[in-house]
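Engineer: This is data_28.txt (compact mmCIF, C-alpha atoms).
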```
# COMPACT_ATOMS: atom_id res chain seq x y z
CA MET A 859 -3.94 -6.25 -22.55
CA GLY A 860 -4.86 -6.39 -26.21
CA ALA A 861 -1.71 -7.71 -27.81
CA SER A 862 -0.33 -10.99 -26.66
CA VAL A 863 3.11 -10.20 -25.44
CA ARG A 864 5.91 -12.67 -25.57
CA MET A 865 8.73 -10.76 -24.09
CA LYS A 866 11.47 -12.98 -22.84
CA SER A 867 14.16 -10.40 -23.36
CA ALA A 868 15.33 -8.39 -20.37
CA VAL A 869 16.42 -5.70 -22.83
CA ASN A 870 12.86 -5.28 -24.09
CA TRP A 871 11.59 -4.72 -20.55
CA ALA A 872 14.46 -2.40 -19.69
CA VAL A 873 13.71 -0.32 -22.80
CA LEU A 874 10.02 -0.24 -21.93
CA GLY A 875 10.88 0.93 -18.41
CA LEU A 876 13.02 3.75 -19.77
CA VAL A 877 10.35 4.83 -22.27
CA ILE A 878 7.80 4.93 -19.42
CA GLU A 879 10.11 7.26 -17.50
CA ARG A 880 10.13 9.66 -20.44
CA PRO A 881 9.59 9.54 -24.19
CA SER A 882 12.83 8.78 -25.94
CA TYR A 883 14.37 7.68 -29.25
CA GLY A 884 16.66 4.82 -30.15
CA TYR A 885 20.09 6.28 -29.65
CA GLU A 886 19.14 8.12 -26.49
CA LEU A 887 17.66 4.91 -25.10
CA PHE A 888 20.90 3.14 -25.92
CA GLN A 889 22.79 5.71 -23.85
CA ARG A 890 20.31 5.76 -21.00
CA LEU A 891 20.32 1.98 -20.81
CA GLU A 892 24.10 1.95 -20.71
CA ARG A 893 24.10 4.46 -17.85
CA ARG A 894 21.40 2.68 -15.90
CA TYR A 895 22.35 -0.94 -16.43
CA GLY A 896 25.99 -0.65 -17.47
CA GLY A 897 27.93 -3.75 -16.50
CA VAL A 898 24.75 -5.78 -16.17
CA LEU A 899 22.96 -5.30 -19.44
CA GLU A 900 25.03 -4.12 -22.43
CA PRO A 901 23.12 -4.76 -25.63
CA PRO A 902 24.35 -3.46 -28.97
CA ILE A 903 22.29 -0.60 -30.37
CA SER A 904 20.72 -2.93 -32.94
CA GLN A 905 19.05 -4.74 -30.06
CA ILE A 906 17.55 -1.46 -28.82
CA TYR A 907 15.95 -0.92 -32.22
CA ALA A 908 14.76 -4.53 -32.25
CA ALA A 909 13.27 -3.98 -28.79
CA LEU A 910 11.49 -0.82 -29.96
CA ASP A 911 10.01 -2.76 -32.90
CA ALA A 912 8.85 -5.59 -30.66
CA LEU A 913 7.33 -3.20 -28.12
CA GLU A 914 5.55 -1.22 -30.82
CA ARG A 915 4.16 -4.37 -32.42
CA ALA A 916 2.82 -5.41 -29.02
CA ALA A 917 1.24 -1.94 -28.67
CA LEU A 918 3.15 -1.32 -25.45
CA ILE A 919 4.74 1.81 -26.91
CA GLU A 920 3.79 4.12 -29.76
CA ALA A 921 5.67 6.56 -31.94
CA LEU A 922 5.05 10.21 -31.13
CA PRO A 923 3.95 12.35 -34.07
CA ALA A 924 7.06 14.18 -35.25
CA GLU A 925 5.66 17.69 -34.86
CA ARG A 926 4.77 17.20 -31.22
CA ILE A 927 8.29 16.49 -30.13
CA GLU A 928 9.71 19.25 -28.00
CA LEU A 929 12.30 17.40 -26.11
CA PRO A 930 15.87 18.40 -25.47
CA GLU A 931 18.34 16.24 -27.31
CA PRO A 932 21.36 16.41 -25.12
CA GLU A 933 23.38 13.38 -26.00
CA GLU A 934 23.07 13.22 -29.77
CA PRO A 935 26.44 13.16 -31.45
CA PRO A 936 26.46 16.08 -33.88
CA ARG A 937 27.27 13.99 -36.94
CA ARG A 938 24.24 11.75 -36.54
CA ALA A 939 21.88 14.61 -35.87
CA ARG A 940 21.03 15.44 -39.46
CA ARG A 941 20.93 11.98 -40.91
CA GLN A 942 17.28 11.17 -40.36
CA PRO A 943 14.41 12.32 -38.19
CA LYS A 944 14.47 10.62 -34.84
CA VAL A 945 11.36 8.71 -33.89
CA HIS A 946 10.43 9.34 -30.27
CA TYR A 947 8.43 6.66 -28.53
CA ARG A 948 6.17 6.89 -25.55
CA ALA A 949 4.53 4.16 -23.51
CA THR A 950 0.88 3.30 -23.99
CA ALA A 951 -1.39 2.68 -21.01
CA ALA A 952 -1.13 -1.04 -21.79
CA GLY A 953 2.66 -0.71 -21.75
CA ALA A 954 2.71 0.96 -18.35
CA ARG A 955 0.37 -1.72 -17.01
CA ALA A 956 2.39 -4.58 -18.52
CA PHE A 957 5.58 -3.15 -17.04
CA ARG A 958 4.07 -2.91 -13.56
CA VAL A 959 2.88 -6.50 -13.76
CA TRP A 960 6.26 -7.65 -15.03
CA VAL A 961 8.17 -5.89 -12.25
CA ALA A 962 5.85 -7.39 -9.68
CA GLU A 963 6.27 -10.87 -11.16
CA GLN A 964 10.02 -10.54 -11.31
CA MET A 965 10.19 -9.72 -7.67
CA ARG A 966 7.69 -12.35 -6.60
CA GLU A 967 9.45 -15.08 -8.50
CA ASP A 968 12.75 -14.03 -7.08
CA PRO A 969 12.72 -14.85 -3.38
CA GLN A 970 16.37 -13.92 -2.99
CA HIS A 971 15.62 -10.52 -4.56
CA VAL A 972 18.55 -10.98 -6.91
CA GLU A 973 16.78 -8.94 -9.54
CA LEU A 974 16.07 -6.08 -7.15
CA LEU A 975 19.58 -6.05 -5.75
CA ARG A 976 21.08 -6.23 -9.25
CA ARG A 977 19.04 -3.21 -10.27
CA LEU A 978 19.95 -1.35 -7.09
CA ALA A 979 23.59 -2.06 -7.83
CA ALA A 980 23.15 -0.78 -11.38
CA ALA A 981 21.51 2.36 -10.02
CA ALA A 982 24.35 2.91 -7.56
CA GLY A 983 26.80 2.78 -10.44
CA ALA A 984 24.78 5.21 -12.54
CA SER A 985 26.21 8.65 -13.02
CA SER A 986 23.02 10.60 -12.35
CA ASP A 987 19.96 10.46 -10.12
CA ARG A 988 21.00 7.28 -8.42
CA VAL A 989 18.92 8.11 -5.37
CA GLY A 990 15.85 8.72 -7.52
CA VAL A 991 16.24 5.37 -9.22
CA MET A 992 16.78 3.58 -5.90
CA ARG A 993 13.68 5.19 -4.42
CA GLU A 994 11.71 4.11 -7.45
CA LEU A 995 12.99 0.54 -7.23
CA VAL A 996 11.98 0.29 -3.58
CA ASP A 997 8.56 1.75 -4.43
CA HIS A 998 8.11 -0.87 -7.17
CA TYR A 999 9.17 -3.56 -4.77
CA GLU A 1000 6.70 -2.38 -2.17
CA GLN A 1001 3.95 -2.40 -4.77
CA ALA A 1002 4.84 -5.99 -5.64
CA CYS A 1003 4.84 -7.05 -1.99
CA VAL A 1004 1.52 -5.36 -1.18
CA GLU A 1005 -0.01 -6.98 -4.25
CA GLU A 1006 1.27 -10.36 -3.22
CA ALA A 1007 0.11 -9.91 0.39
CA SER A 1008 -3.36 -8.76 -0.64
CA ARG A 1009 -3.73 -11.73 -2.98
CA THR A 1010 -3.01 -14.31 -0.32
CA PRO A 1011 -6.42 -15.48 0.80
CA LEU A 1012 -7.83 -14.75 4.21
CA PRO A 1013 -9.09 -17.93 5.85
CA GLN A 1014 -12.83 -17.98 6.43
CA PRO A 1015 -14.63 -19.81 9.22
CA ARG A 1016 -15.89 -23.17 8.01
CA ALA A 1017 -16.28 -26.59 9.54
CA ALA A 1018 -14.05 -29.23 7.96
CA ALA A 1019 -15.96 -32.33 6.88
CA THR A 1020 -13.41 -35.00 7.81
CA PRO A 1021 -10.19 -35.19 9.84
CA ALA A 1022 -8.24 -35.59 6.58
CA ALA A 1023 -9.85 -32.47 5.15
CA ALA A 1024 -9.10 -30.58 8.34
CA ALA A 1025 -5.45 -31.69 8.17
CA GLY A 1026 -5.31 -30.58 4.54
CA GLU A 1027 -6.64 -27.19 5.53
CA LEU A 1028 -4.09 -26.97 8.32
CA VAL A 1029 -1.27 -27.57 5.83
CA GLU A 1030 -2.71 -24.94 3.53
CA ARG A 1031 -2.77 -22.43 6.39
CA LEU A 1032 0.81 -23.26 7.32
CA MET A 1033 1.96 -22.75 3.74
CA LEU A 1034 0.19 -19.41 3.57
CA ALA A 1035 1.75 -18.43 6.88
CA ALA A 1036 5.18 -19.24 5.45
CA ARG A 1037 4.55 -16.97 2.48
CA ARG A 1038 3.34 -14.20 4.78
CA GLY A 1039 6.39 -14.62 6.98
CA LEU A 1040 8.56 -13.90 3.96
CA LEU A 1041 6.42 -10.89 3.08
CA ASP A 1042 6.74 -9.54 6.62
CA ALA A 1043 10.50 -9.78 6.27
CA GLN A 1044 10.30 -8.00 2.92
CA PHE A 1045 8.20 -5.21 4.44
CA THR A 1046 10.74 -4.80 7.21
CA TRP A 1047 13.47 -4.59 4.59
CA ILE A 1048 11.53 -1.97 2.58
CA ASP A 1049 11.20 0.27 5.62
CA TYR A 1050 14.88 -0.14 6.41
CA ALA A 1051 15.97 0.44 2.80
CA ARG A 1052 13.93 3.66 2.59
CA ARG A 1053 15.53 5.03 5.73
CA GLU A 1054 19.00 4.16 4.49
CA ILE A 1055 18.35 5.73 1.09
CA GLU A 1056 16.94 8.91 2.64
CA ALA A 1057 19.88 9.12 5.04
CA PHE A 1058 22.20 8.71 2.05
CA ALA A 1059 20.29 11.37 0.11
CA GLY A 1060 20.55 13.69 3.12
CA ARG A 1061 24.32 13.28 3.18
CA ASP A 1062 24.71 13.67 -0.56
CA GLY A 1063 22.49 16.70 -0.99
CA GLU A 1064 18.75 16.90 -1.34
CA GLN A 1065 18.53 15.22 -4.73
CA GLY A 1066 21.48 12.96 -4.19
CA ASP A 1067 22.32 13.07 -7.87
CA GLU A 1068 25.37 15.25 -7.77
CA PRO A 1069 28.57 13.44 -8.69
CA PRO A 1070 30.82 12.85 -5.72
CA ARG A 1071 33.75 15.16 -5.51
CA ALA A 1072 36.97 13.60 -6.71
CA MET B 187 -19.65 10.01 -4.30
CA SER B 188 -17.26 8.14 -2.06
CA LEU B 189 -18.31 7.49 1.52
CA LEU B 190 -14.99 8.87 2.75
CA ALA B 191 -12.63 11.04 0.75
CA LEU B 192 -9.34 12.53 1.85
CA GLU B 193 -7.91 15.02 -0.56
CA GLY B 194 -4.39 16.35 -0.26
CA VAL B 195 -4.40 15.97 3.49
CA THR B 196 -1.35 17.26 5.32
CA LYS B 197 -0.81 17.08 9.05
CA ARG B 198 2.02 18.43 11.14
CA ALA B 199 3.01 17.33 14.61
CA ARG B 200 5.05 19.39 17.00
CA LEU B 201 7.35 17.70 19.42
CA GLY B 202 8.99 20.30 21.61
CA ARG B 203 10.79 22.67 19.28
CA ARG B 204 10.74 20.29 16.35
CA GLU B 205 7.97 20.10 13.84
CA ARG B 206 7.44 17.09 11.65
CA LEU B 207 5.17 16.41 8.69
CA VAL B 208 3.20 13.37 9.75
CA LEU B 209 0.96 13.22 6.69
CA LYS B 210 2.07 14.50 3.32
CA HIS B 211 -0.66 15.31 0.86
CA ALA B 212 -2.55 12.08 1.49
CA THR B 213 -5.38 11.24 -0.86
CA LEU B 214 -7.63 8.30 -0.16
CA ARG B 215 -11.13 7.14 -0.93
CA VAL B 216 -13.26 4.57 0.81
CA GLU B 217 -16.48 3.40 -0.80
CA ALA B 218 -19.50 2.09 1.07
CA GLY B 219 -19.02 -1.49 2.25
CA GLU B 220 -15.37 -1.57 1.24
CA LEU B 221 -12.57 -3.10 3.32
CA VAL B 222 -9.51 -0.92 2.95
CA SER B 223 -6.26 -1.76 4.71
CA ILE B 224 -3.20 0.41 4.99
CA TRP B 225 0.10 -1.28 5.63
CA GLY B 226 2.71 0.69 7.53
CA VAL B 227 5.17 0.47 10.37
CA PRO B 228 4.60 2.36 13.63
CA ARG B 229 5.45 6.07 13.21
CA SER B 230 4.72 5.90 9.48
CA GLY B 231 1.77 8.25 9.94
CA ARG B 232 -0.79 5.44 9.84
CA THR B 233 -2.49 6.26 13.17
CA THR B 234 -2.64 9.96 12.36
CA LEU B 235 -4.15 9.10 8.99
CA LEU B 236 -6.99 7.23 10.73
CA ARG B 237 -7.53 9.99 13.29
CA VAL B 238 -7.73 12.62 10.58
CA ALA B 239 -9.88 10.38 8.37
CA SER B 240 -12.41 9.93 11.16
CA GLY B 241 -12.47 13.60 12.12
CA LEU B 242 -10.79 13.15 15.50
CA GLU B 243 -8.07 15.49 14.31
CA ALA B 244 -8.34 18.29 11.80
CA PRO B 245 -5.92 18.36 8.88
CA ASP B 246 -3.53 21.31 8.51
CA ALA B 247 -4.19 21.32 4.79
CA GLY B 248 -6.52 19.42 2.51
CA VAL B 249 -10.03 18.24 3.16
CA VAL B 250 -11.74 15.17 4.64
CA ARG B 251 -15.25 14.49 3.41
CA PHE B 252 -17.55 11.93 4.93
CA ALA B 253 -20.73 11.24 2.99
CA GLY B 254 -20.05 14.43 1.08
CA ARG B 255 -19.68 16.66 4.15
CA ASP B 256 -16.47 18.36 5.17
CA LEU B 257 -15.58 16.93 8.59
CA ALA B 258 -13.86 20.20 9.50
CA GLU B 259 -17.30 21.79 9.77
CA ARG B 260 -18.01 19.68 12.81
CA HIS B 261 -17.15 21.00 16.23
CA GLY B 262 -16.07 19.34 19.43
CA ASP B 263 -14.48 16.01 20.07
CA TRP B 264 -17.43 13.84 19.15
CA LEU B 265 -17.23 11.53 16.19
CA ASP B 266 -19.61 11.93 13.33
CA GLU B 267 -22.61 9.67 13.90
CA GLY B 268 -21.76 7.64 10.83
CA ILE B 269 -18.23 6.82 11.97
CA GLY B 270 -17.19 4.26 14.56
CA PHE B 271 -13.62 4.35 15.85
CA ALA B 272 -12.54 1.19 17.64
CA GLN B 273 -9.87 1.68 20.31
CA PRO B 274 -8.89 -1.60 21.95
CA ASP B 275 -6.40 0.14 24.23
CA ARG B 276 -9.11 2.39 25.64
CA VAL B 277 -11.55 -0.28 26.73
CA SER B 278 -12.15 0.67 30.32
CA VAL B 279 -14.93 1.94 32.50
CA ALA B 280 -13.96 2.21 36.11
CA GLY B 281 -15.73 -0.42 38.16
CA GLN B 282 -18.15 -1.45 35.44
CA ALA B 283 -18.71 -4.35 33.11
CA VAL B 284 -17.87 -4.63 29.42
CA ALA B 285 -21.54 -4.36 28.46
CA ASP B 286 -21.67 -0.93 30.15
CA TYR B 287 -18.65 0.21 28.19
CA VAL B 288 -20.24 -0.86 24.91
CA ALA B 289 -23.52 0.84 25.86
CA MET B 290 -21.81 4.07 26.90
CA GLY B 291 -21.91 5.77 23.50
CA LEU B 292 -25.57 4.89 23.08
CA LEU B 293 -26.46 6.31 26.49
CA ALA B 294 -24.55 9.48 25.66
CA GLY B 295 -26.57 9.68 22.46
CA GLY B 296 -29.82 9.62 24.42
CA VAL B 297 -30.81 5.98 23.99
CA ALA B 298 -32.83 4.60 26.95
CA PRO B 299 -30.73 2.41 29.31
CA GLN B 300 -32.59 -0.80 28.64
CA GLU B 301 -32.42 -0.47 24.90
CA ALA B 302 -28.78 0.62 25.06
CA ARG B 303 -27.95 -2.52 27.01
CA ALA B 304 -29.83 -4.75 24.59
CA ARG B 305 -28.05 -3.21 21.64
CA ALA B 306 -24.70 -3.52 23.39
CA LEU B 307 -25.27 -7.24 23.96
CA GLU B 308 -26.31 -7.66 20.34
CA GLN B 309 -23.07 -6.07 19.13
CA LEU B 310 -20.96 -8.11 21.54
CA ASP B 311 -22.61 -11.18 20.11
CA ARG B 312 -21.93 -9.91 16.60
CA THR B 313 -18.21 -9.53 17.29
CA GLY B 314 -17.87 -12.86 19.08
CA ALA B 315 -17.47 -11.32 22.53
CA ALA B 316 -20.85 -12.16 24.08
CA ALA B 317 -19.13 -14.05 26.91
CA CYS B 318 -17.25 -10.88 27.88
CA ALA B 319 -20.39 -8.84 28.61
CA PRO B 320 -20.46 -9.27 32.42
CA LEU B 321 -16.66 -9.12 32.90
CA PRO B 322 -14.66 -6.13 34.03
CA PRO B 323 -12.47 -4.86 31.13
CA GLN B 324 -9.23 -5.56 32.98
CA GLU B 325 -9.94 -9.29 32.78
CA LEU B 326 -9.98 -9.33 28.97
CA ASP B 327 -7.15 -10.64 26.82
CA ALA B 328 -5.91 -8.79 23.74
CA THR B 329 -8.27 -10.52 21.31
CA GLU B 330 -11.27 -9.90 23.52
CA LEU B 331 -10.31 -6.24 23.86
CA VAL B 332 -10.36 -5.91 20.06
CA ARG B 333 -13.73 -7.63 19.78
CA VAL B 334 -15.21 -5.47 22.55
CA ALA B 335 -13.79 -2.28 21.03
CA LEU B 336 -15.31 -3.25 17.68
CA ALA B 337 -18.68 -3.90 19.35
CA GLN B 338 -18.51 -0.47 20.99
CA ALA B 339 -17.65 1.22 17.70
CA LEU B 340 -20.46 -0.62 15.91
CA ALA B 341 -23.11 0.06 18.57
CA ARG B 342 -24.28 3.32 17.05
CA GLY B 343 -24.70 1.71 13.65
CA PRO B 344 -21.93 3.52 11.74
CA ARG B 345 -21.42 3.40 7.98
CA LEU B 346 -17.67 3.49 8.44
CA LEU B 347 -15.67 1.54 11.00
CA VAL B 348 -12.12 2.70 11.66
CA VAL B 349 -9.63 0.54 13.52
CA ASP B 350 -5.91 0.97 14.09
CA ASP B 351 -3.84 -2.21 13.76
CA PRO B 352 -6.50 -4.63 15.05
CA THR B 353 -4.13 -7.60 15.26
CA ARG B 354 -1.43 -5.88 17.30
CA ASN B 355 -0.82 -7.89 20.49
CA VAL B 356 -3.37 -10.47 19.37
CA ASP B 357 -2.35 -14.12 19.65
CA PRO B 358 -1.18 -15.34 16.20
CA LEU B 359 -3.81 -18.09 16.19
CA GLU B 360 -6.58 -15.54 16.74
CA ARG B 361 -5.48 -12.96 14.19
CA GLN B 362 -7.18 -14.55 11.23
CA SER B 363 -10.51 -14.70 12.99
CA VAL B 364 -10.27 -11.02 13.96
CA LEU B 365 -9.57 -10.14 10.32
CA ALA B 366 -12.34 -12.47 9.14
CA LEU B 367 -14.68 -10.58 11.47
CA LEU B 368 -13.68 -7.28 9.87
CA ARG B 369 -14.20 -8.82 6.44
CA SER B 370 -17.70 -9.93 7.44
CA ILE B 371 -18.51 -6.47 8.82
CA ALA B 372 -17.58 -4.97 5.45
CA ASP B 373 -19.60 -7.66 3.68
CA ASP B 374 -22.57 -6.54 5.76
CA GLY B 375 -22.23 -3.07 4.24
CA VAL B 376 -20.18 -1.19 6.84
CA ALA B 377 -17.03 0.19 5.23
CA VAL B 378 -13.88 -0.68 7.18
CA LEU B 379 -10.73 1.41 7.17
CA MET B 380 -7.87 -0.19 9.05
CA THR B 381 -4.12 -0.15 9.37
CA THR B 382 -1.82 -3.09 9.77
CA GLY B 383 1.81 -3.86 10.34
CA GLU B 384 1.78 -7.34 8.87
CA ALA B 385 1.18 -9.04 5.54
CA LEU B 386 -1.84 -10.89 6.96
CA GLY B 387 -3.56 -7.56 7.55
CA VAL B 388 -3.95 -6.88 3.83
CA ALA B 389 -5.06 -10.41 2.91
CA GLY B 390 -8.41 -10.58 1.20
CA VAL B 391 -9.08 -6.84 1.42
CA ASP B 392 -10.83 -4.82 -1.28
CA ARG B 393 -8.04 -2.28 -1.43
CA ALA B 394 -4.59 -2.21 0.05
CA LEU B 395 -2.32 0.79 0.45
CA ALA B 396 1.06 1.36 2.00
CA ILE B 397 2.11 4.36 4.02
CA SER B 398 5.63 5.33 4.96
CA ASP B 399 7.05 8.56 6.24
CA GLY B 400 3.61 10.16 5.97
CA GLU B 401 3.16 9.34 2.31
CA LEU B 402 0.58 6.99 0.86
CA ARG B 403 2.56 5.33 -1.89
CA THR B 404 1.02 2.20 -3.14
CA GLU B 405 -2.53 1.32 -3.97
CA VAL B 406 -3.54 -2.17 -4.93
CA VAL B 407 -6.98 -3.46 -5.83
CA PRO B 408 -6.54 -7.22 -5.71
CA ALA B 409 -8.73 -9.50 -7.73
CA GLN B 410 -11.09 -11.48 -5.55
CA ALA B 411 -8.84 -13.75 -3.52
CA PRO B 412 -9.77 -17.40 -3.11
CA VAL B 413 -11.17 -18.52 0.22
CA VAL B 414 -9.32 -20.89 2.53
CA PRO B 415 -11.18 -22.32 5.51
CA LEU B 416 -10.30 -21.04 8.94
CA ARG B 417 -9.16 -23.32 11.71
CA GLY B 418 -12.13 -25.22 13.16
CA SER B 419 -15.58 -23.68 13.32
CA GLY B 420 -17.34 -21.49 15.80
CA THR B 421 -14.23 -19.44 16.56
CA GLY B 422 -16.47 -16.44 16.41
CA GLY B 423 -16.23 -13.88 13.67
```
Do you think you could lay out the structure here as structure tokens?

Structural biologist:
Amino acid sequence: MGASVRMKSAVNWAVLGLVIERPSYGYELFQRLERRYGGVLEPPISQIYAALDALERAALIEALPAERIELPEPEEPPRRARRQPKVHYRATAAGARAFRVWVAEQMREDPQHVELLRRLAAAAGASSDRVGVMRELVDHYEQACVEEASRTPLPQPRAAATPAAAAGELVERLMLAARRGLLDAQFTWIDYARREIEAFAGRDGEQGDEPPRA
Amino acid sequence: MSLLALEGVTKRARLGRRERLVLKHATLRVEAGELVSIWGVPRSGRTTLLRVASGLEAPDAGVVRFAGRDLAERHGDWLDEGIGFAQPDRVSVAGQAVADYVAMGLLAGGVAPQEARARALEQLDRTGAAACAPLPPQELDATELVRVALAQALARGPRLLVVDDPTRNVDPLERQSVLALLRSIADDGVAVLMTTGEALGVAGVDRALAISDGELRTEVVPAQAPVVPLRGSGTGG
């Protein structure tokens, strides 16, 4: 990635994730973030604009040329609409890549999957396309787990020089086996979660994004 | 040109009155000498994917190309010469020894008996199963069955080796050496396409994918993983 990215803020990453889903502008992002992460992440709109600035400086997103915007603008309050032209942002290839890496890291560094579960909970509370978001989260999680599993080294046949070296290698193998044991459990969970989500989607209609009847 | 290319491959399976999509628009490439592993649970479509990829079953839609040729243009049940399909659960020749089983494909291909036997022994040695050569297949344990099946699949000198979950039923202490063997086969230039149901099965591969409910979802090209020595030496593989 060209730009060095120091992105400690969860809001920045959340905004980047939303922009990757579809090009968007500040106020719309504010609303989408509220719907998606409401109750978990509730930044003021100024922080959304700050995030957009930071992401653009890091070349993770770019402003779309004004004339190429042909997007519906559903949630714009009418009084704001004429004030100034809205700048739509889209993700750059570097942004999409950085986001994938970040999601994978989040999940790897989070053995209790708090981050994943938090995001699933946020998706469940969302008013639209909750099944779509859940599917996507599980897909991301699977990507992270496969990456992690493929990066764990495969032991190669080699004669250890001394008993101490052999013991050291044994410990290394045991540690790797512990990591893989966790990954196996995560894979089992992924399969189970997918089935549950699809069963839920089947009950709630094909897309699963219709609001429940009152 | 990729050695193996699946493009938009769909496969249906009929079970009684019910029809199920076993593969949904699967797209996959395997390059020469590449070790590609597909993680998936049983009934995810992983076995069907391998059978379609090796030409044992024809896709209902999409195309499978091996070395640029459409595998659908082949007829009959025989594998393409360039493809070896290892089937540990099918290692059996009534009343004969393992070496005969490994030589079988060569004999069917018109190789003289003596040469077929020599080549069979060479492959058994290659896969760490030389000691199994004179035994009847029913005496083999799970690891030996995998090694023998790999020798049989390699006997005709394929460019692509296909194997379905090679560590299933294998003793945990032997799994790494089976996978190290597959790694070394790929390093020798024979592409390997395998499935796995465990994290270990994607360790150190050139490309890892995941399949679930007939869909290939994830594709990972890991950076070269570091090497950790395997238990002891001379474990074969």

Engineer: Quick one: distance from atom CA of Gln362 of chain B to atom CA of Ala191 of chain B in Å, one decimal?

Structural biologist: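 Answer for the atom CA of Gln362 of chain B to atom CA of Ala191 of chain B separation: 28.2 Å.
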
Engineer: What's the 12 Å shell around Pro320 of chain B, counting only C-alpha atoms, without same-chain residues fewer than 6 positions away, as a compact mmCIF listing (two decimals) with C-alpha atoms, keeping the file's coordinate frame?

Structural biologist:
```
# COMPACT_ATOMS: atom_id res chain seq x y z
CA GLY B 281 -15.73 -0.42 38.16
CA GLN B 282 -18.15 -1.45 35.44
CA ALA B 283 -18.71 -4.35 33.11
CA VAL B 284 -17.87 -4.63 29.42
CA ALA B 285 -21.54 -4.36 28.46
CA ASP B 286 -21.67 -0.93 30.15
CA TYR B 287 -18.65 0.21 28.19
CA VAL B 288 -20.24 -0.86 24.91
CA ARG B 303 -27.95 -2.52 27.01
CA ALA B 306 -24.70 -3.52 23.39
CA LEU B 307 -25.27 -7.24 23.96
CA LEU B 310 -20.96 -8.11 21.54
CA LEU B 326 -9.98 -9.33 28.97
CA VAL B 334 -15.21 -5.47 22.55
```

Engineer: Skip Arg198 of chain B itself and residues of its chain fewer than 2 positions away, then list as a compact mmCIF listing (two decimals) with C-alpha atoms, keeping the file's coordinate frame all residues within 7 Å of it, counting all atoms listed in the file.

Structural biologist:
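Once everything was written out, this is part-v5.txt:
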```txt
# COMPACT_ATOMS: atom_id res chain seq x y z
CA THR B 196 -1.35 17.26 5.32
CA ARG B 200 5.05 19.39 17.00
CA GLU B 205 7.97 20.10 13.84
CA ARG B 206 7.44 17.09 11.65
CA LEU B 207 5.17 16.41 8.69
CA VAL B 208 3.20 13.37 9.75
CA LEU B 209 0.96 13.22 6.69
CA ASP B 246 -3.53 21.31 8.51
```

Engineer: Pick from A:Leu922, A:Ile1055, A:Leu1041, A:Val869: nearest to Ala982 of chain A, with all atoms listed in the file counted?

Structural biologist: A:Ile1055

Engineer: Applying 9 Å and only C-alpha atoms, which residues near segment 344-353 of chain B remain after dropping the ones on its own chain fewer than 2 positions away? List them as number ranges by chain.

Structural biologist: B: 189-190, 216, 218-219, 232-233, 236-237, 239-240, 266-274, 328-329, 332, 336, 339-342, 355-358, 360-362, 364-365, 371-372, 375-384, 387

Engineer: Could you please select, counting only C-alpha atoms, the residues of chain A within 10 Å of chain B and state them as a PyMOL selection string?

Structural biologist: chain A and resi 997-998+1000-1018+1024-1025+1027-1028+1030-1031+1034-1035+1037-1046+1048-1049+1052-1053

Engineer: A:Ala917, A:Met992, A:Val961, A:Gly1026: which is nearest Ala868 of chain A, counting all atoms listed in the file?

Structural biologist: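 Among the listed residues, A:Val961 lies closest to Ala868 of chain A.
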
Engineer: Would you mind reading off the distance between atom CA of Pro322 of chain B and atom CA of Ala335 of chain B, one decimal, in Å?

Structural biologist: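 About the pair atom CA of Pro322 of chain B and atom CA of Ala335 of chain B: they are 13.6 Å apart.
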